[in-house]
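Okay, upload.tsv now, which holds TSV, C-alpha atoms:
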```
chain	number	residue	atom	x	y	z
Q	10	MET	CA	33.08	17.16	-46.45
Q	11	ILE	CA	34.79	13.96	-45.32
Q	12	PHE	CA	36.31	15.86	-42.41
Q	13	ASN	CA	32.85	17.16	-41.39
Q	14	PHE	CA	31.46	13.61	-41.59
Q	15	ILE	CA	34.23	12.33	-39.30
Q	16	ILE	CA	33.53	15.11	-36.79
Q	17	TYR	CA	29.77	14.37	-36.95
Q	18	PHE	CA	30.39	10.63	-36.45
Q	19	PHE	CA	32.72	11.36	-33.52
Q	20	LEU	CA	30.19	13.64	-31.81
Q	21	ILE	CA	27.35	11.11	-32.23
Q	22	SER	CA	29.54	8.31	-30.85
Q	23	PHE	CA	30.71	10.51	-27.99
Q	24	PHE	CA	27.17	11.40	-26.90
Q	25	LYS	CA	26.07	7.76	-27.13
Q	26	ILE	CA	28.98	6.70	-24.94
Q	27	THR	CA	28.29	9.54	-22.50
Q	28	LEU	CA	24.63	8.52	-22.21
Q	29	ALA	CA	25.59	4.89	-21.66
Q	30	GLU	CA	28.08	5.91	-18.98
Q	31	GLN	CA	25.44	8.00	-17.26
Q	32	LYS	CA	23.11	5.00	-17.15
Q	33	PHE	CA	25.86	2.69	-15.94
Q	34	GLU	CA	27.94	4.67	-13.44
Q	35	GLY	CA	29.17	1.61	-11.52
Q	36	ILE	CA	28.32	-1.91	-10.40
Q	37	ILE	CA	26.87	-2.13	-6.91
Q	38	ALA	CA	26.00	-5.86	-6.93
Q	39	SER	CA	25.91	-8.90	-9.17
Q	40	VAL	CA	23.36	-11.71	-9.27
Q	41	ASP	CA	25.09	-14.54	-11.10
Q	42	SER	CA	25.80	-12.94	-14.49
Q	43	GLU	CA	23.35	-10.05	-14.00
Q	44	ALA	CA	24.81	-6.74	-12.81
Q	45	ILE	CA	22.99	-4.14	-10.70
Q	46	THR	CA	24.37	-0.67	-11.33
Q	47	THR	CA	24.18	2.45	-9.23
Q	48	TYR	CA	21.97	3.91	-11.97
Q	49	ASP	CA	19.53	0.97	-11.66
Q	50	LEU	CA	19.33	1.48	-7.91
Q	51	SER	CA	19.01	5.25	-8.12
Q	52	GLU	CA	16.14	5.10	-10.61
Q	53	ARG	CA	14.27	2.44	-8.62
Q	54	ILE	CA	14.65	4.50	-5.44
Q	55	LYS	CA	13.22	7.45	-7.34
Q	56	LEU	CA	10.18	5.37	-8.32
Q	57	VAL	CA	9.64	4.18	-4.75
Q	58	LEU	CA	9.86	7.70	-3.31
Q	59	LYS	CA	7.36	8.96	-5.88
Q	60	SER	CA	4.97	6.12	-5.08
Q	61	LEU	CA	5.26	6.97	-1.35
Q	62	LYS	CA	4.87	10.69	-2.16
Q	63	LEU	CA	8.14	11.48	-0.39
Q	64	GLU	CA	10.66	14.16	-1.26
Q	65	ASP	CA	13.67	12.87	-3.20
Q	66	ASN	CA	16.45	13.74	-0.76
Q	67	ILE	CA	19.43	11.95	0.80
Q	68	LYS	CA	17.62	11.16	4.05
Q	69	ASN	CA	14.67	9.48	2.33
Q	70	ARG	CA	16.89	7.72	-0.19
Q	71	ASP	CA	18.99	6.20	2.60
Q	72	SER	CA	15.87	5.01	4.40
Q	73	VAL	CA	14.63	2.91	1.45
Q	74	ARG	CA	17.95	1.99	-0.17
Q	75	ASP	CA	18.42	-1.49	1.31
Q	76	ARG	CA	14.83	-2.52	0.65
Q	77	VAL	CA	14.97	-1.33	-2.98
Q	78	LEU	CA	18.29	-3.13	-3.51
Q	79	GLU	CA	16.73	-6.37	-2.25
Q	80	LEU	CA	13.79	-5.90	-4.63
Q	81	LEU	CA	16.24	-5.40	-7.48
Q	82	ILE	CA	18.00	-8.65	-6.55
Q	83	ILE	CA	14.67	-10.51	-6.60
Q	84	GLU	CA	13.87	-8.97	-9.98
Q	85	LYS	CA	17.20	-10.16	-11.39
Q	86	LEU	CA	16.50	-13.66	-10.05
Q	87	LYS	CA	13.16	-13.69	-11.84
Q	88	LYS	CA	14.81	-12.59	-15.07
Q	89	ILE	CA	17.51	-15.27	-14.81
Q	90	GLU	CA	15.02	-18.07	-14.11
Q	91	ALA	CA	12.81	-17.01	-17.02
Q	92	LYS	CA	15.83	-16.95	-19.32
Q	93	LYS	CA	16.79	-20.49	-18.28
Q	94	ALA	CA	13.31	-21.68	-19.26
Q	95	ASP	CA	13.41	-19.80	-22.61
Q	96	ILE	CA	10.46	-17.63	-21.59
Q	97	THR	CA	10.10	-14.49	-23.72
Q	98	ALA	CA	7.88	-11.42	-23.79
Q	99	GLY	CA	7.32	-9.16	-26.78
Q	100	LYS	CA	7.25	-5.37	-26.65
Q	101	ASN	CA	3.51	-5.28	-27.33
Q	102	GLU	CA	2.87	-7.61	-24.38
Q	103	VAL	CA	4.84	-5.34	-22.07
Q	104	ILE	CA	2.99	-2.26	-23.36
Q	105	GLU	CA	-0.34	-4.02	-22.71
Q	106	LEU	CA	0.77	-4.78	-19.15
Q	107	ALA	CA	1.85	-1.17	-18.63
Q	108	ALA	CA	-1.51	0.05	-19.95
Q	109	ALA	CA	-3.35	-2.26	-17.54
Q	110	ILE	CA	-1.27	-1.29	-14.50
Q	111	TYR	CA	-1.07	2.46	-15.15
Q	112	ASN	CA	-4.59	2.70	-16.59
Q	113	PHE	CA	-4.07	4.23	-20.03
Q	114	PRO	CA	-5.18	3.08	-23.53
Q	115	VAL	CA	-2.56	1.01	-25.37
Q	116	GLU	CA	-2.59	3.42	-28.29
Q	117	GLU	CA	-1.51	6.24	-25.94
Q	118	PHE	CA	1.76	4.56	-24.96
Q	119	GLN	CA	3.87	7.38	-26.42
Q	120	GLU	CA	1.98	9.88	-24.26
Q	121	PHE	CA	2.73	7.64	-21.26
Q	122	GLU	CA	6.46	7.67	-22.12
Q	123	LEU	CA	6.32	11.48	-22.43
Q	124	PHE	CA	4.63	11.69	-19.02
Q	125	LEU	CA	7.44	9.64	-17.46
Q	126	THR	CA	10.04	11.86	-19.11
Q	127	ASN	CA	8.32	14.98	-17.74
Q	128	GLU	CA	8.39	13.36	-14.29
Q	129	ASN	CA	12.16	12.77	-14.70
Q	130	ILE	CA	11.64	8.99	-14.76
Q	131	ASP	CA	13.55	6.76	-17.16
Q	132	SER	CA	10.87	4.94	-19.16
Q	133	GLU	CA	13.32	2.18	-20.06
Q	134	VAL	CA	13.72	1.35	-16.37
Q	135	VAL	CA	9.94	1.17	-15.92
Q	136	MET	CA	9.48	-1.05	-18.99
Q	137	GLU	CA	12.36	-3.32	-17.97
Q	138	GLN	CA	10.78	-3.80	-14.55
Q	139	LEU	CA	7.42	-4.63	-16.15
Q	140	LYS	CA	9.01	-7.01	-18.64
Q	141	ASN	CA	10.73	-8.95	-15.87
Q	142	GLU	CA	7.47	-9.25	-13.95
Q	143	LEU	CA	5.71	-10.48	-17.09
Q	144	LEU	CA	8.42	-13.07	-17.70
Q	145	TRP	CA	8.12	-14.27	-14.12
Q	146	LYS	CA	4.34	-14.46	-14.37
Q	147	LYS	CA	4.61	-16.66	-17.46
Q	148	LEU	CA	7.24	-18.88	-15.85
Q	149	SER	CA	5.42	-19.30	-12.53
Q	150	GLN	CA	2.15	-20.16	-14.29
Q	151	GLN	CA	3.98	-22.73	-16.37
Q	152	MET	CA	5.63	-24.24	-13.28
Q	153	PHE	CA	2.90	-24.15	-10.64
Q	154	ALA	CA	-0.58	-23.61	-12.10
Q	155	THR	CA	-1.19	-27.27	-12.91
Q	156	LYS	CA	0.10	-28.44	-9.50
Q	157	ILE	CA	-2.57	-26.69	-7.43
Q	158	THR	CA	-5.83	-28.39	-6.46
Q	159	ILE	CA	-8.59	-26.90	-4.31
Q	160	ASN	CA	-10.79	-29.45	-2.57
Q	161	SER	CA	-14.35	-29.01	-1.36
Q	162	ALA	CA	-13.38	-29.09	2.33
Q	163	ASP	CA	-11.07	-26.08	1.84
Q	164	VAL	CA	-13.87	-24.10	0.23
Q	165	ASP	CA	-16.35	-25.00	3.01
Q	166	ALA	CA	-13.85	-23.91	5.68
Q	167	ILE	CA	-13.28	-20.55	3.99
Q	168	LEU	CA	-17.02	-19.94	3.59
Q	169	ASN	CA	-17.69	-20.73	7.26
Q	170	ASN	CA	-14.83	-18.47	8.33
Q	171	TYR	CA	-16.24	-15.67	6.19
Q	172	LYS	CA	-19.71	-16.02	7.73
Q	173	ASN	CA	-18.25	-15.93	11.26
Q	174	LYS	CA	-16.42	-12.68	10.51
Q	175	VAL	CA	-19.30	-10.74	8.96
Q	176	GLY	CA	-20.19	-7.67	11.02
Q	177	LYS	CA	-16.96	-7.62	13.03
Q	178	ILE	CA	-14.54	-4.70	12.93
Q	179	GLU	CA	-11.29	-4.98	10.97
Q	180	PHE	CA	-8.29	-2.70	11.39
Q	181	ASP	CA	-5.54	-1.78	8.96
Q	182	PHE	CA	-2.73	-0.46	11.14
Q	183	SER	CA	1.05	-0.15	11.32
Q	184	GLU	CA	3.22	-0.37	14.40
Q	185	ILE	CA	6.79	0.26	15.49
Q	186	ILE	CA	8.04	-1.96	18.34
Q	187	PHE	CA	10.91	-1.14	20.69
Q	188	LEU	CA	12.16	-4.02	22.85
Q	189	ASN	CA	14.08	-3.66	26.12
Q	190	LYS	CA	17.73	-4.67	25.86
Q	191	GLU	CA	17.39	-6.35	29.24
Q	192	PRO	CA	14.25	-7.57	31.09
Q	193	ASN	CA	12.52	-4.76	33.00
Q	194	ASN	CA	15.06	-2.19	31.73
Q	195	TRP	CA	12.82	0.32	29.96
Q	196	GLU	CA	15.38	3.09	29.52
Q	197	SER	CA	16.88	1.98	26.18
Q	198	SER	CA	13.54	1.19	24.52
Q	199	LYS	CA	12.04	4.48	25.75
Q	200	LYS	CA	15.02	6.43	24.42
Q	201	LYS	CA	14.71	4.78	21.00
Q	202	MET	CA	10.98	5.45	20.93
Q	203	ASP	CA	11.50	9.12	21.80
Q	204	THR	CA	13.90	9.42	18.84
Q	205	VAL	CA	11.26	8.02	16.50
Q	206	ILE	CA	8.55	10.28	17.97
Q	207	SER	CA	10.80	13.26	17.24
Q	208	LEU	CA	11.23	12.10	13.64
Q	209	LEU	CA	7.47	11.63	13.28
Q	210	ASP	CA	6.91	15.16	14.56
Q	211	SER	CA	9.33	16.43	11.89
Q	212	GLY	CA	7.20	14.81	9.16
Q	213	THR	CA	9.14	11.61	8.44
Q	214	SER	CA	6.99	8.83	6.98
Q	215	PHE	CA	5.66	6.35	9.58
Q	216	GLU	CA	6.19	3.42	7.18
Q	217	LEU	CA	9.84	4.31	6.61
Q	218	LEU	CA	10.46	4.60	10.35
Q	219	ALA	CA	8.70	1.28	10.96
Q	220	ASN	CA	10.94	-0.38	8.42
Q	221	LYS	CA	14.10	1.09	9.93
Q	222	PHE	CA	13.51	1.16	13.69
Q	223	SER	CA	11.00	-1.57	14.60
Q	224	ASP	CA	12.75	-4.36	16.50
Q	225	ILE	CA	10.30	-6.99	15.28
Q	226	ASN	CA	7.69	-7.33	12.57
Q	227	PRO	CA	4.76	-9.24	14.08
Q	228	GLN	CA	2.94	-11.74	11.87
Q	229	GLY	CA	0.80	-9.96	9.34
Q	230	ASN	CA	2.30	-6.61	10.28
Q	231	LYS	CA	5.12	-5.63	7.98
Q	232	LEU	CA	5.34	-2.11	6.60
Q	233	LYS	CA	1.59	-2.19	6.43
Q	234	ASN	CA	-0.58	-4.80	8.11
Q	235	GLY	CA	-3.42	-5.26	5.74
Q	236	TRP	CA	-6.74	-6.00	7.42
Q	237	ILE	CA	-6.73	-7.72	10.83
Q	238	ILE	CA	-10.01	-8.83	12.44
Q	239	GLU	CA	-10.71	-7.59	15.98
Q	240	ASP	CA	-10.77	-11.15	17.38
Q	241	SER	CA	-7.09	-11.56	16.46
Q	242	LEU	CA	-5.94	-8.61	18.59
Q	243	ASP	CA	-5.07	-8.47	22.27
Q	244	SER	CA	-7.59	-6.53	24.34
Q	245	ASN	CA	-5.29	-3.54	24.95
Q	246	THR	CA	-4.47	-3.01	21.26
Q	247	MET	CA	-8.12	-3.43	20.26
Q	248	GLU	CA	-9.25	-0.86	22.84
Q	249	ILE	CA	-6.66	1.65	21.65
Q	250	LEU	CA	-7.56	1.16	17.97
Q	251	ASN	CA	-11.28	1.45	18.70
Q	252	ASN	CA	-10.66	4.92	20.13
Q	253	MET	CA	-8.57	6.08	17.17
Q	254	SER	CA	-9.62	7.62	13.86
Q	255	PRO	CA	-7.92	6.79	10.53
Q	256	GLY	CA	-4.59	8.63	10.37
Q	257	ASP	CA	-4.18	8.88	14.16
Q	258	VAL	CA	-0.87	7.89	15.78
Q	259	LYS	CA	-0.71	6.64	19.38
Q	260	THR	CA	2.67	6.72	21.17
Q	261	ASN	CA	4.04	5.51	24.51
Q	262	ILE	CA	2.14	2.21	24.49
Q	263	LYS	CA	3.74	-0.07	27.05
Q	264	ILE	CA	3.99	-3.79	26.20
Q	265	ASN	CA	5.42	-6.77	28.07
Q	266	ASN	CA	9.05	-6.09	27.15
Q	267	GLY	CA	9.17	-2.59	25.74
Q	268	PHE	CA	7.06	0.05	24.00
Q	269	LYS	CA	5.24	0.45	20.70
Q	270	ILE	CA	3.73	3.15	18.51
Q	271	LEU	CA	0.52	2.50	16.57
Q	272	LYS	CA	-0.82	4.19	13.47
Q	273	LEU	CA	-4.38	3.46	12.35
Q	274	ASN	CA	-4.56	3.47	8.56
Q	275	LYS	CA	-8.17	2.36	8.06
Q	276	LYS	CA	-11.07	0.82	9.94
Q	277	ARG	CA	-14.05	-1.05	8.52
Q	278	ARG	CA	-16.70	-3.65	9.27
Q	279	PHE	CA	-16.01	-7.05	7.67
Q	280	GLY	CA	-18.42	-7.76	4.84
Q	281	ASN	CA	-19.38	-4.12	4.66
Q	282	GLU	CA	-19.81	-4.36	0.90
Q	283	GLU	CA	-23.25	-5.70	1.86
Q	284	ILE	CA	-24.16	-2.62	3.93
Q	285	LYS	CA	-26.24	0.33	2.75
Q	286	PHE	CA	-26.15	3.66	4.58
Q	287	SER	CA	-28.73	6.40	4.91
Q	288	PHE	CA	-27.26	9.60	6.34
Q	289	LEU	CA	-27.34	13.37	6.51
Q	290	LYS	CA	-24.36	15.37	5.28
Q	291	PHE	CA	-23.55	18.83	6.62
Q	292	SER	CA	-20.67	20.91	5.26
Q	293	SER	CA	-19.21	24.38	5.69
Q	294	PHE	CA	-15.93	26.23	5.19
Q	295	ASN	CA	-16.21	27.44	8.81
Q	296	LYS	CA	-15.16	24.73	11.29
Q	297	GLU	CA	-16.71	26.44	14.34
Q	298	GLN	CA	-19.96	26.84	12.50
Q	299	ILE	CA	-20.16	23.20	11.42
Q	300	GLN	CA	-19.52	22.09	15.01
Q	301	ASN	CA	-22.74	23.83	16.05
Q	302	ILE	CA	-24.59	20.99	14.31
Q	303	TYR	CA	-23.74	18.82	17.32
Q	304	LYS	CA	-25.97	21.04	19.49
Q	305	LYS	CA	-29.05	20.63	17.30
Q	306	ASN	CA	-31.76	18.06	17.91
Q	307	ILE	CA	-31.38	16.19	14.61
Q	308	SER	CA	-33.96	13.72	13.33
Q	309	CYS	CA	-33.57	11.96	10.00
Q	310	ASN	CA	-37.31	11.87	9.31
Q	311	ASN	CA	-38.31	15.41	10.22
Q	312	ILE	CA	-35.26	17.57	9.51
Q	313	LYS	CA	-36.03	20.91	7.87
Q	314	GLU	CA	-33.60	23.00	5.86
Q	315	SER	CA	-34.98	26.10	7.55
Q	316	GLU	CA	-33.49	24.86	10.82
Q	317	ILE	CA	-30.00	24.78	9.31
Q	318	GLU	CA	-27.91	27.95	9.06
Q	319	GLU	CA	-27.63	29.36	5.55
Q	320	GLU	CA	-23.84	29.00	5.40
Q	321	ILE	CA	-24.12	25.25	6.07
Q	322	LYS	CA	-24.90	23.03	3.11
Q	323	PHE	CA	-27.22	20.13	3.84
Q	324	LEU	CA	-27.87	16.90	1.91
Q	325	LYS	CA	-29.84	13.75	2.70
Q	326	ILE	CA	-28.64	10.47	1.15
Q	327	ASN	CA	-30.66	7.25	1.24
Q	328	ASP	CA	-29.52	3.63	0.83
Q	329	MET	CA	-26.03	4.36	-0.48
Q	330	ALA	CA	-24.09	1.10	-0.91
Q	331	SER	CA	-20.77	1.08	0.92
Q	332	LYS	CA	-18.95	0.05	-2.27
Q	333	ASP	CA	-20.09	3.35	-3.83
Q	334	LEU	CA	-18.75	5.51	-1.00
Q	335	SER	CA	-15.30	7.04	-0.82
Q	336	ASP	CA	-12.95	5.63	1.82
Q	337	LEU	CA	-13.17	8.89	3.76
Q	338	PHE	CA	-16.97	8.72	4.08
Q	339	LEU	CA	-17.05	4.96	4.60
Q	340	ASN	CA	-14.50	5.08	7.43
Q	341	GLN	CA	-16.59	7.66	9.27
Q	342	LEU	CA	-19.94	5.95	8.72
Q	343	ASP	CA	-18.74	2.45	9.46
Q	344	ILE	CA	-17.39	3.23	12.94
Q	345	SER	CA	-20.39	5.35	13.95
Q	346	LYS	CA	-23.61	3.97	15.41
Q	347	GLU	CA	-27.08	4.72	14.09
Q	348	LYS	CA	-28.61	7.99	15.30
Q	349	THR	CA	-25.18	9.48	16.06
Q	350	PHE	CA	-22.85	12.03	14.49
Q	351	THR	CA	-19.46	11.26	13.00
Q	352	ASP	CA	-16.37	13.29	13.81
Q	353	VAL	CA	-15.70	16.47	11.87
Q	354	PHE	CA	-13.53	15.72	8.83
Q	355	GLU	CA	-12.10	17.86	6.05
Q	356	LEU	CA	-12.65	17.33	2.32
Q	357	ASP	CA	-11.49	19.70	-0.42
Q	358	GLY	CA	-11.20	22.57	2.03
Q	359	GLU	CA	-14.67	22.05	3.53
Q	360	TYR	CA	-15.49	20.73	7.01
Q	361	ASN	CA	-18.04	17.92	7.09
Q	362	ILE	CA	-20.20	16.12	9.64
Q	363	LEU	CA	-22.39	13.12	8.88
Q	364	TYR	CA	-25.39	11.95	10.87
Q	365	VAL	CA	-26.03	8.23	10.54
Q	366	CYS	CA	-29.72	7.54	10.03
Q	367	GLU	CA	-29.67	3.82	9.23
Q	368	LYS	CA	-27.39	0.93	8.38
Q	369	LYS	CA	-28.94	-1.90	6.40
Q	370	GLU	CA	-26.97	-5.12	6.49
Q	371	SER	CA	-27.84	-7.81	3.96
Q	372	GLU	CA	-29.08	-11.04	5.55
Q	373	SER	CA	-27.56	-13.11	2.76
Q	374	ILE	CA	-23.85	-13.30	2.20
Q	375	ASN	CA	-23.26	-13.16	-1.52
Q	376	ILE	CA	-19.96	-14.89	-1.83
Q	377	SER	CA	-19.88	-17.71	-4.34
Q	378	ARG	CA	-17.92	-20.93	-4.16
Q	379	GLU	CA	-16.25	-19.92	-7.43
Q	380	THR	CA	-14.97	-16.71	-5.83
Q	381	VAL	CA	-13.63	-18.66	-2.86
Q	382	GLU	CA	-11.95	-21.19	-5.15
Q	383	ARG	CA	-10.22	-18.40	-7.08
Q	384	LYS	CA	-8.96	-16.78	-3.87
Q	385	ALA	CA	-7.76	-20.12	-2.49
Q	386	PHE	CA	-5.97	-20.86	-5.76
Q	387	THR	CA	-4.28	-17.44	-5.73
Q	388	LYS	CA	-3.15	-17.92	-2.14
Q	389	LYS	CA	-1.58	-21.32	-2.80
Q	390	PHE	CA	-0.07	-20.09	-6.06
Q	391	ASN	CA	1.60	-17.16	-4.28
Q	392	GLN	CA	2.88	-19.44	-1.51
Q	393	LEU	CA	4.53	-21.75	-4.05
Q	394	THR	CA	6.13	-18.93	-6.04
Q	395	ASN	CA	7.37	-17.13	-2.90
Q	396	THR	CA	8.90	-20.34	-1.51
Q	397	TYR	CA	10.57	-21.03	-4.85
Q	398	LEU	CA	11.99	-17.50	-4.97
Q	399	SER	CA	13.22	-17.73	-1.41
Q	400	ASN	CA	15.08	-20.98	-2.15
Q	401	ILE	CA	16.65	-19.48	-5.27
Q	402	ARG	CA	17.73	-16.42	-3.28
Q	403	LYS	CA	19.61	-18.64	-0.83
Q	404	SER	CA	21.43	-20.68	-3.50
Q	405	THR	CA	22.30	-17.91	-5.96
Q	406	ASN	CA	25.75	-16.36	-6.09
Q	407	ILE	CA	25.16	-12.73	-5.06
Q	408	LYS	CA	28.06	-10.32	-4.58
Q	409	PHE	CA	28.01	-6.77	-3.27
Q	410	PHE	CA	30.47	-4.02	-4.20
Q	411	ASN	CA	30.84	-0.96	-1.97
Q	412	LYS	CA	27.42	-1.56	-0.41
```

Transcribe the structure of this file into structure tokens.
Amino acid sequence: MIFNFIIYFFLISFFKITLAEQKFEGIIASVDSEAITTYDLSERIKLVLKSLKLEDNIKNRDSVRDRVLELLIIEKLKKIEAKKADITAGKNEVIELAAAIYNFPVEEFQEFELFLTNENIDSEVVMEQLKNELLWKKLSQQMFATKITINSADVDAILNNYKNKVGKIEFDFSEIIFLNKEPNNWESSKKKMDTVISLLDSGTSFELLANKFSDINPQGNKLKNGWIIEDSLDSNTMEILNNMSPGDVKTNIKINNGFKILKLNKKRRFGNEEIKFSFLKFSSFNKEQIQNIYKKNISCNNIKESEIEEEIKFLKINDMASKDLSDLFLNQLDISKEKTFTDVFELDGEYNILYVCEKKESESINISRETVERKAFTKKFNQLTNTYLSNIRKSTNIKFFNK
């Protein structure tokens, strides 16, 4: 009996050690006293690839490895700073944060853990990441929240800027820039661009290629630009983007000292949450058939179902607020003029065309001073925390092993 107990104890200890070794593997970097293991990095890469909906293979792992390692270093810095300030976070707080971010009821946390396990994701890694972010949030609020003031002049300037932008087109686009090695020597930049075009054709993510191959990251245009108003763009770029649809990629764009590739992610009209659309929706599983709609003399007021082929479904929608529309519909409606058709687009296996009857733009701009103050506060708060993190990053003892 004693012998069996010893064997049982040995096996339990052995499996615990084996599991710990699997999660450790080796140290790849150290941030002061905090170690980053190959297991940490591997699991975080897995999370990033899943979020980007990319296959977990060596090629894709290599493309995001350096960026994920840098994010891990920043996370360790946040943890260290919070520890210095005796900031703590309980398990229930972390679970509440997870529930808010991943949109599940707190009482279903065990189901969430099971879901992660089924997805081959280490739940401890996810919860550790969330805990560190919660610690940093507490610390940064403690350090900076009371130091920020928003004056009336700042609010007035933001409100005026908002009013001046209403109705103008905004673009969310990504770009990859290839600079000439020497002035007026286009051969090297063209060769590099052709390599990237080949990778795009093979299905490699545009964002990953932008991160790896772009020679510069213009202001406001990192992996993904965010929204940029048309007035901020040069005339050539604006003309190209105006003629693109969301998802389109334009190659071989010549610039002053090289080439660039553009990808249009989204397009919208600034302040379009105030716009209501009335439109006709036509759909069919037959693309050639739906394209025949272009040939018909469509009128929003007098259209008759009897004039539409039986295989084509028809629906009239009045005064639909843009905030209630899907991105797919909104992108098509927003870039199309009244009394015109949109492009053909696919949704759930069906081909669709919309005919824009009317766009109603609100005369009043419903943005409150309180909303502006909150946004201005958030902007300044983020600037302070990012500057603080950047300074810590420069002064911290960071070592790499077999990078």

Problem set entry | Nearest candidate to Leu334 of chain Q (options Q:Asn391, Q:Gln300, Q:Asn194, Q:Ser287; using all atoms listed in the file) |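 Among Q:Asn391, Q:Gln300, Q:Asn194, Q:Ser287, it is Q:Ser287 that comes nearest to Leu334 of chain Q.
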
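Take atom CA of Phe323 of chain Q and atom CA of Leu337 of chain Q: the distance between them is 18.0 Å.
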
For this session: Quick one: everything within 12 Å of Asp357 of chain Q, counting only C-alpha atoms, minus sequence neighbours fewer than 2 positions away in the same chain. Send it as a list in words.
Result: Ser292, Ser293, Phe294, Leu337, Phe354, Glu355, Glu359, Tyr360 and Asn361 of chain Q

For this session: Could you check which of Q:Ile54, Q:Ala385, Q:Ile96, Q:Ile407 is closest to Asp165 of chain Q, using all atoms listed in the file?
Result: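 The answer is Q:Ala385, which sits nearest to Asp165 of chain Q.
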
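Nearest residue to Ser72 of chain Q among Q:Val57, Q:Met152, Q:Ile401, Q:Leu106 is Q:Val57, counting all atoms listed in the file.
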
Problem set entry | Lys272 of chain Q environment, 7 Å, all atoms listed in the file, sequence neighbours closer than 2 positions dropped, as a PyMOL selection string | chain Q and resi 182-184+256-259+270+274

Exercise. Quick one: distance from atom CA of Asp328 of chain Q to atom CA of Phe286 of chain Q in Å, one decimal?
Worked result: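 Going from atom CA of Asp328 of chain Q over to atom CA of Phe286 of chain Q, I get 5.0 Å.
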
Exercise. Is there a way to get, as a ChimeraX atom specification, all residues within 10 Å of the point (-16.1, 3.6, 6.5) in file coordinates, counting all atoms listed in the file?
Worked result: /Q:255,275-278,281,331-332,334-345

Kindly provide, as a tab-separated table (two decimals) with C-alpha atoms, in the frame of the given file, the polymer residues lying within 12 Å of (25.6, -7.9, -8.6), counting only C-alpha atoms and using the coordinates exactly as they appear in the file.
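The new file point_31.tsv reads:
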```tsv
chain	number	residue	atom	x	y	z
Q	35	GLY	CA	29.17	1.61	-11.52
Q	36	ILE	CA	28.32	-1.91	-10.40
Q	37	ILE	CA	26.87	-2.13	-6.91
Q	38	ALA	CA	26.00	-5.86	-6.93
Q	39	SER	CA	25.91	-8.90	-9.17
Q	40	VAL	CA	23.36	-11.71	-9.27
Q	41	ASP	CA	25.09	-14.54	-11.10
Q	42	SER	CA	25.80	-12.94	-14.49
Q	43	GLU	CA	23.35	-10.05	-14.00
Q	44	ALA	CA	24.81	-6.74	-12.81
Q	45	ILE	CA	22.99	-4.14	-10.70
Q	46	THR	CA	24.37	-0.67	-11.33
Q	47	THR	CA	24.18	2.45	-9.23
Q	49	ASP	CA	19.53	0.97	-11.66
Q	50	LEU	CA	19.33	1.48	-7.91
Q	78	LEU	CA	18.29	-3.13	-3.51
Q	79	GLU	CA	16.73	-6.37	-2.25
Q	81	LEU	CA	16.24	-5.40	-7.48
Q	82	ILE	CA	18.00	-8.65	-6.55
Q	83	ILE	CA	14.67	-10.51	-6.60
Q	84	GLU	CA	13.87	-8.97	-9.98
Q	85	LYS	CA	17.20	-10.16	-11.39
Q	86	LEU	CA	16.50	-13.66	-10.05
Q	405	THR	CA	22.30	-17.91	-5.96
Q	406	ASN	CA	25.75	-16.36	-6.09
Q	407	ILE	CA	25.16	-12.73	-5.06
Q	408	LYS	CA	28.06	-10.32	-4.58
Q	409	PHE	CA	28.01	-6.77	-3.27
Q	410	PHE	CA	30.47	-4.02	-4.20
Q	411	ASN	CA	30.84	-0.96	-1.97
Q	412	LYS	CA	27.42	-1.56	-0.41
```

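With atom CA of Ser404 of chain Q on one side and atom CA of Trp145 of chain Q on the other, the separation reads 18.2 Å.
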
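Counting all atoms listed in the file and comparing Q:Met253, Q:Ile225, Q:Ile312, Q:Val134, the residue that lies closest to Phe180 of chain Q is Q:Met253.
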